[in-house]
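S.K.: Handing you a structure now.
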Amino acid sequence: MNKWYKYAVLFFASGSFVGYIPFVSGTLGSLLGLILYVVLHNYLTTLWLIIISIIFFFMGVYASHKAEQILNEQDSSKIVIDEIVGMIVTMLFLRPNLTNLAAGFITFRAFDIIKPPPISYVDKNIHGGFGVMFDDLIAGVFANIVIHAVILLYHL
């Protein structure tokens, strides 16, 4: 691999090198995902947000796989594209107001850190780029469902 290819892979996988910040890189990656969602939400429809999430997921699978090879680390804390995608998925179909942003951030981080089943199963048993991305995708889907359920119950 040439150095520019490695640089591009690590740039994407680490969320513009946010993952290289030596503390709470997953939390910072999630915050970056939240900011990206707010920016994209202002310019794109929900359909485009879904399409971008799917594209970022598959690009993240590839970049995470390559980044693991470059870094010689499995599921390196420097890789935060999984948190970015998970956070965007968490926020799908939600307006980016302060309440939803806070709820999304806290709920996603809780699922990502606690890793209840089946997230824990995926985290332990599926490796490589797909495993890096898939557990956070599930955490994002669960967080999204919980937030929508709370909104639905609160409005009843």
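By convention in this document, the chains of the structure tokens carry letters A, B, ... by their order, each chain's residues are numbered from 1, and ligands are numbered from 1 in the order they are shown.
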For A:Phe56, please output as a PyMOL selection string all residues within 10 Å (counting only C-alpha atoms; exclusion window: fewer than 6 positions along the same chain).

M.R.: chain A and resi 12+50+62-63+81-82+84-85+88+133

S.K.: Output the selection as a PDB file, in the first residue's frame - N, CA, C and O atoms for each residue.

M.R.:
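The file below, result.pdb, is the result:
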```pdb
ATOM      1  N   PHE A  12     -10.436   8.417   6.764  1.00  0.00           N
ATOM      2  CA  PHE A  12     -11.853   8.067   6.774  1.00  0.00           C
ATOM      3  C   PHE A  12     -12.206   7.231   8.000  1.00  0.00           C
ATOM      4  O   PHE A  12     -13.165   7.537   8.720  1.00  0.00           O
ATOM      5  N   ILE A  50     -30.574   8.193   4.608  1.00  0.00           N
ATOM      6  CA  ILE A  50     -30.534   6.723   4.645  1.00  0.00           C
ATOM      7  C   ILE A  50     -29.512   6.205   3.625  1.00  0.00           C
ATOM      8  O   ILE A  50     -28.694   5.333   3.952  1.00  0.00           O
ATOM      9  N   TYR A  62     -15.059  -1.521   4.640  1.00  0.00           N
ATOM     10  CA  TYR A  62     -13.806  -1.616   3.888  1.00  0.00           C
ATOM     11  C   TYR A  62     -12.679  -0.870   4.613  1.00  0.00           C
ATOM     12  O   TYR A  62     -11.594  -1.419   4.824  1.00  0.00           O
ATOM     13  N   ALA A  63     -12.941   0.384   4.994  1.00  0.00           N
ATOM     14  CA  ALA A  63     -11.902   1.209   5.633  1.00  0.00           C
ATOM     15  C   ALA A  63     -11.483   0.627   6.983  1.00  0.00           C
ATOM     16  O   ALA A  63     -10.294   0.648   7.319  1.00  0.00           O
ATOM     17  N   ILE A  81     -15.300   5.444  12.573  1.00  0.00           N
ATOM     18  CA  ILE A  81     -16.336   5.523  11.549  1.00  0.00           C
ATOM     19  C   ILE A  81     -17.569   4.728  11.976  1.00  0.00           C
ATOM     20  O   ILE A  81     -18.699   5.083  11.634  1.00  0.00           O
ATOM     21  N   ASP A  82     -17.371   3.694  12.788  1.00  0.00           N
ATOM     22  CA  ASP A  82     -18.501   2.912  13.291  1.00  0.00           C
ATOM     23  C   ASP A  82     -19.390   3.753  14.206  1.00  0.00           C
ATOM     24  O   ASP A  82     -20.611   3.690  14.124  1.00  0.00           O
ATOM     25  N   ILE A  84     -19.600   7.045  14.087  1.00  0.00           N
ATOM     26  CA  ILE A  84     -20.196   8.081  13.240  1.00  0.00           C
ATOM     27  C   ILE A  84     -21.452   7.548  12.562  1.00  0.00           C
ATOM     28  O   ILE A  84     -22.519   8.169  12.625  1.00  0.00           O
ATOM     29  N   VAL A  85     -21.347   6.369  11.955  1.00  0.00           N
ATOM     30  CA  VAL A  85     -22.496   5.768  11.282  1.00  0.00           C
ATOM     31  C   VAL A  85     -23.578   5.406  12.299  1.00  0.00           C
ATOM     32  O   VAL A  85     -24.767   5.664  12.077  1.00  0.00           O
ATOM     33  N   ILE A  88     -25.505   8.510  13.243  1.00  0.00           N
ATOM     34  CA  ILE A  88     -26.404   8.964  12.179  1.00  0.00           C
ATOM     35  C   ILE A  88     -27.643   8.076  12.129  1.00  0.00           C
ATOM     36  O   ILE A  88     -28.773   8.577  12.020  1.00  0.00           O
ATOM     37  N   MET A 133     -18.140  -2.474  12.244  1.00  0.00           N
ATOM     38  CA  MET A 133     -19.264  -1.612  11.883  1.00  0.00           C
ATOM     39  C   MET A 133     -20.614  -2.134  12.369  1.00  0.00           C
ATOM     40  O   MET A 133     -21.475  -1.354  12.767  1.00  0.00           O
TER      41      MET A 133
END
```

S.K.: Please report, as a VMD selection string, each residue of chain A to which DSSP assigns alpha helix (DSSP H) when run on this structure's backbone.

M.R.: chain A and resid 3 to 13 25 to 43 46 to 71 81 to 91 98 to 114 119 to 125 128 to 154

S.K.: What's around A:Glu83 at 8 Å? Count only C-alpha atoms, leave out sequence neighbours fewer than 5 positions away in its own chain, and write the answer as number ranges by chain.

M.R.: A: 26-27, 29-30, 33, 136

S.K.: Take the residues just selected and output them with N, CA and C atoms as a PDB file, in the first residue's frame.

M.R.:
```pdb
ATOM      1  N   GLY A  26     -14.212   7.073  21.103  1.00  0.00           N
ATOM      2  CA  GLY A  26     -15.545   6.640  20.689  1.00  0.00           C
ATOM      3  C   GLY A  26     -16.603   7.702  20.951  1.00  0.00           C
ATOM      4  N   THR A  27     -16.497   8.368  22.076  1.00  0.00           N
ATOM      5  CA  THR A  27     -17.431   9.443  22.409  1.00  0.00           C
ATOM      6  C   THR A  27     -17.244  10.611  21.450  1.00  0.00           C
ATOM      7  N   GLY A  29     -16.015  10.398  18.402  1.00  0.00           N
ATOM      8  CA  GLY A  29     -16.524   9.939  17.112  1.00  0.00           C
ATOM      9  C   GLY A  29     -18.042  10.040  17.048  1.00  0.00           C
ATOM     10  N   SER A  30     -18.700   9.703  18.145  1.00  0.00           N
ATOM     11  CA  SER A  30     -20.160   9.827  18.212  1.00  0.00           C
ATOM     12  C   SER A  30     -20.576  11.284  18.097  1.00  0.00           C
ATOM     13  N   GLY A  33     -20.348  12.275  14.577  1.00  0.00           N
ATOM     14  CA  GLY A  33     -21.508  11.750  13.855  1.00  0.00           C
ATOM     15  C   GLY A  33     -22.749  12.592  14.079  1.00  0.00           C
ATOM     16  N   ASP A 136     -22.094  -1.401  16.010  1.00  0.00           N
ATOM     17  CA  ASP A 136     -22.532  -0.011  16.183  1.00  0.00           C
ATOM     18  C   ASP A 136     -23.776   0.297  15.357  1.00  0.00           C
TER      19      ASP A 136
END
```

S.K.: Which residue, A:His41, A:His127, A:Lys78, A:His148, has the smallest gap to A:Val18 when you use only C-alpha atoms?

M.R.: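 Going through A:His41, A:His127, A:Lys78, A:His148 one by one, the smallest distance to A:Val18 is for A:Lys78.
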
S.K.: Find the spatial neighbours of A:Tyr20, counting only C-alpha atoms, within a cut-off of 9 Å - ignore same-chain residues fewer than 6 positions away - and output them as an mmCIF file with N, CA and C atoms, in the first residue's frame.

M.R.:
```
data_model
loop_
_atom_site.group_PDB
_atom_site.id
_atom_site.type_symbol
_atom_site.label_atom_id
_atom_site.label_comp_id
_atom_site.auth_asym_id
_atom_site.auth_seq_id
_atom_site.Cartn_x
_atom_site.Cartn_y
_atom_site.Cartn_z
ATOM 1 N N SER A 14 -10.811 6.916 10.852
ATOM 2 C CA SER A 14 -10.642 7.600 12.142
ATOM 3 C C SER A 14 -11.486 8.865 12.259
ATOM 4 N N SER A 77 -9.217 1.513 18.784
ATOM 5 C CA SER A 77 -9.957 2.680 19.276
ATOM 6 C C SER A 77 -9.774 3.883 18.349
ATOM 7 N N LYS A 78 -8.802 3.817 17.466
ATOM 8 C CA LYS A 78 -8.592 4.896 16.493
ATOM 9 C C LYS A 78 -9.659 4.879 15.401
ATOM 10 N N ILE A 79 -10.302 3.743 15.212
ATOM 11 C CA ILE A 79 -11.355 3.611 14.203
ATOM 12 C C ILE A 79 -12.663 4.087 14.832
#
```

S.K.: Would you compute the distance between atom CA of A:Phe93 and atom CA of A:Leu49? Give it in Å to one decimal.

M.R.: 9.3 Å

S.K.: Which residues are near A:Val38? Cut-off 9 Å, only C-alpha atoms, ignore same chain within fewer than 6 positions. Put them as a list in words.

M.R.: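 That gives Arg95, Pro96 and Leu101 of chain A.
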
S.K.: Could you dump the residues just selected with N, CA and C atoms as a compact mmCIF listing (two decimals), in the first residue's frame?

M.R.:
```
# COMPACT_ATOMS: atom_id res chain seq x y z
N ARG A 95 -35.98 15.05 14.26
CA ARG A 95 -35.55 16.44 14.06
C ARG A 95 -34.34 16.70 14.94
N PRO A 96 -33.39 17.45 14.44
CA PRO A 96 -32.19 17.71 15.24
C PRO A 96 -32.36 18.86 16.23
N LEU A 101 -31.18 15.51 20.09
CA LEU A 101 -29.74 15.33 19.97
C LEU A 101 -29.16 14.76 21.26
```

S.K.: With distances taken over only C-alpha atoms, which residue among A:Ala103, A:Leu137, A:Val80, A:Leu36 lies nearest A:Glu68?

M.R.: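 Of the candidates, the smallest distance to A:Glu68 is held by A:Val80.
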
S.K.: Given only C-alpha atoms as the basis, pick out the residue of A:Ser120, A:Ser16, A:Thr90, A:Thr99 nearest to A:Val132.

M.R.: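 Smallest distance to A:Val132 is found for A:Ser120.
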